[in-house]
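The block underneath contains the structure these notes are about, expressed in structure tokens.
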Amino acid sequence: MTMTPSSDGNLLEVKNLRTYFETDDGTVKAVDDISFQLKRGETLGIVGESGSGKSVTNLSVIRLIPEPPGKIVSGEILFNGTDLLLLSNEAIRKIRGRRIAMIFQDPMTSLNPFMKISRQLMEMTQLHLGHTKAQARDHAVQMLETVGIPDARERADSYPHEFSGGMRQRVMIAMALSCEPELLIADEPTTALDVTIQAQILELIKTLKRKTGTSVILITHDLGVVAGMTDHVIVMYAGKIFEQAPTKELFSVPGNPYTKGLLRSVPDPTAEQGKLYQIPGLPPDVAHLKPGCPFAQRCDYTQDICRHEFPPFVQLNADHYSLCHFAREVYSESGGTPA
Amino acid sequence: MATEKKQDHDAPLHIGPEMAVAEADLYPEDTGAFVHGTSLWRDAWRRLLKNKLAVFGLVVVIIVTIASIVGPTVIQRVFGFTPDYIPTHDIRLTNSFPPFTGPSGEFSWAHPMGTDNAGRDQLARVLQGGQISLFVGILSTLVSLLIGVSYGAIAGYVGGRVDNVMMRIVDVLYSLPYVIVVIVLLSMFRSQTPKGQLILLFIALGSVSWLTMARIVRGQVLSLRNQEFVMAARATGVSNSRIIFRHLVPNTLGPVIVYATLTIPQIMLTEAFLSFLGFGVQAPLASWGSLASDGIQNIAIFPWQLIFPGVTMALTLFSLNFLGDGLRDALDPQMRTV
């Protein structure tokens, strides 16, 4: 299959993706009809509460949805113009790790406890780049140095339990980047780490991204991380994209009540606050969604129409979309002028 | 602990080796070489050595194994007879003598365990029997390992309907009384040569003893396959067969080793039982079971014919079981902190 770069500079284009899970409790629409694009060299942030479909979206992209019970029901995932959903298992395996790499949330469990760090790193390049053992070893050590593991040559033969959490996440990053992928998916790469290490890891991803020109999808529920790292942001809720905008725009003029709620619930260290704001209620059960807006139960703007009719995806600006009946109102309230 | 101290703090960020100097400035105490922690296996080994019974078992197993392998050859060199040597030149010698006794009742080093009915040296027979018993035990365990581990790992990793069908087959085979299966197998294909009979014995024992191994490995893989490192391996494009055999199977090694060491004595016992019934090893080859079977016919007159093979076998089986128990304790992750 030939990979023709699409003319519009999109590395990844997801169109109408639906990923459902069949459970005893009914069909869980974990990801329901979402579309987005990622340009070459850009960073996309995906934010949302737990269970909003962030991770499922990205597992769908590299076709790692556990099947059954999961299933990608419909949609297209165009990577460099090729629909990944149409590829054979063999072909997708050649893309995983080589062209699309992934960093997982918990570095403590993402490394095989019985394999030396060096061998886990070597496996990648031997598999994808056809390295010999010696080449792969040199490359592994070099990658470990790149991600800032001191004494990389000696430490390469350690087992994962001899490394701390931050170091293991560095190893994961080294592994993900060792084949110079075009797309790096980082699924909450800092959630399991403490704050000082978080900053280091994010800085590392940023620097390496600058060096290699890799596009990044960063999944997180930390809005601070998104603000500092990304070019575009997608806000997900109940398997839908609620708002999609360039990062600056999203933070300055949010066009969706849910995004506003999220932004309000970030503590502001400069202002003495009483009780921290929290969005009332809980995320809905995606197996039994009522008609109407899934956020209606928790929203300050709710009107009758919200409970009966599914909201439209309103374009507010060139790159700014919001899923809300009152998107324009919310947008103007934030200080924006709808196009 | 020095190793822990090293692991506690993370190195500061530096991109590329050019910043290594800054790193050293920040952590001047980090001048020494990186200290390796103790590996899982070394930890387990240390715990095993603390267990006296297990060490006893290990020593006995090693001694019995070495004696069985080199014993018959040594005896042949020193005294000049093979295990199946019947002294036909002198009719007085084809008789059963008690231990350390010569033909006319005097003390003799020639037969420390006495001789059997045909005048064959009992010690040589026991050692050669040990060879066969251990051989059968180990080889059949390897067969069961090979089948059981692959079968269980595939069933556990693939899961779903495949797993269901594969494990129901195991259940059905489980429900068959396996001694009877082995006896039927052995009598159906009864071989004319002793060697052929021995090979049949391997096949029969190996093919029924992999079931528990398959279940153990499947259980392990079932809990491992949902761990993130398997997902991470898949996300790097590793093939399924490689994930099963390079990533998952090594992680199940602890329980597998333990169960394998406990399977060896079990199979040896079954072999002895079969040989005792006359289905196993055929003369002139001997196993502990067939020796005991010969011995029991003369228990009232020549008790040493039963006692020596019997005691040797019991001692070896005990030791293997002690060793297996010790390994289980040593490899148990719950015991790590001890």
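By order in the structure tokens, chains are A, B, ...; within a chain, residues start at 1; ligands start at 1, following the order shown.
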Please identify every residue of chain A that has at least one atom no more than 6 Å from any atom of chain B, counting only C-alpha atoms, and report them as a VMD selection string. chain A and resid 93 96 to 97 109 to 112 145 to 146 148 163 to 164
Could you pull out all residues of stretch 93-207 of chain A with a DSSP call of strand (DSSP E) and give them as a PyMOL selection string? chain A and resi 100-103+183-187
The selected residues should be written to file as a compact mmCIF listing (two decimals), in the first residue's frame (atoms: N, CA and C atoms).
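Output file out.txt follows:
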# COMPACT_ATOMS: atom_id res chain seq x y z
N ILE A 100 3.60 5.02 14.36
CA ILE A 100 2.78 5.58 15.43
C ILE A 100 3.23 4.89 16.72
N ALA A 101 3.72 5.67 17.66
CA ALA A 101 4.18 5.06 18.91
C ALA A 101 3.33 5.58 20.05
N MET A 102 3.36 4.85 21.14
CA MET A 102 2.47 5.19 22.24
C MET A 102 3.23 5.16 23.56
N ILE A 103 2.90 6.12 24.41
CA ILE A 103 3.44 6.11 25.77
C ILE A 103 2.26 5.91 26.71
N LEU A 183 4.06 9.90 14.54
CA LEU A 183 3.03 10.31 15.49
C LEU A 183 3.31 9.64 16.84
N LEU A 184 3.29 10.46 17.87
CA LEU A 184 3.49 9.93 19.22
C LEU A 184 2.21 10.16 20.01
N ILE A 185 1.64 9.08 20.53
CA ILE A 185 0.44 9.24 21.34
C ILE A 185 0.84 9.06 22.80
N ALA A 186 0.65 10.09 23.58
CA ALA A 186 1.02 10.01 24.99
C ALA A 186 -0.26 9.99 25.81
N ASP A 187 -0.57 8.82 26.37
CA ASP A 187 -1.82 8.65 27.11
C ASP A 187 -1.56 8.94 28.59
With only C-alpha atoms as the counted atoms, please give the residues lying no more than 8 Å from A:Gly166, apart from itself and same-chain residues fewer than 6 positions off, as a list in words.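 My reading of the contact set: Pro107, Leu193, Ile197 and Ile201 of chain A; Asp10 of chain B.
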Selection export as a compact mmCIF listing (two decimals), in the first residue's frame, atoms kept: C-alpha atoms:
# COMPACT_ATOMS: atom_id res chain seq x y z
CA PRO A 107 5.36 3.38 33.69
CA LEU A 193 4.37 10.53 38.49
CA ILE A 197 9.04 14.54 37.67
CA ILE A 201 8.87 14.44 31.54
CA ASP B 10 15.59 10.92 39.48
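Residue nearest A:Gly335, chosen from A:Ala296, A:Ile34, A:Ala238, A:Val253 and counting only C-alpha atoms: A:Val253.
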Just want the 9 Å neighbourhood of A:Phe251, counted on only C-alpha atoms, with same-chain residues fewer than 6 positions away dropped. Output as a PyMOL selection string. chain A and resi 227+259-260+263
Would you compute the distance between atom CA of B:Gln131 and atom CA of B:Ser68? Give it in Å to one decimal.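 Distance reported for this atom pair: 5.1 Å.
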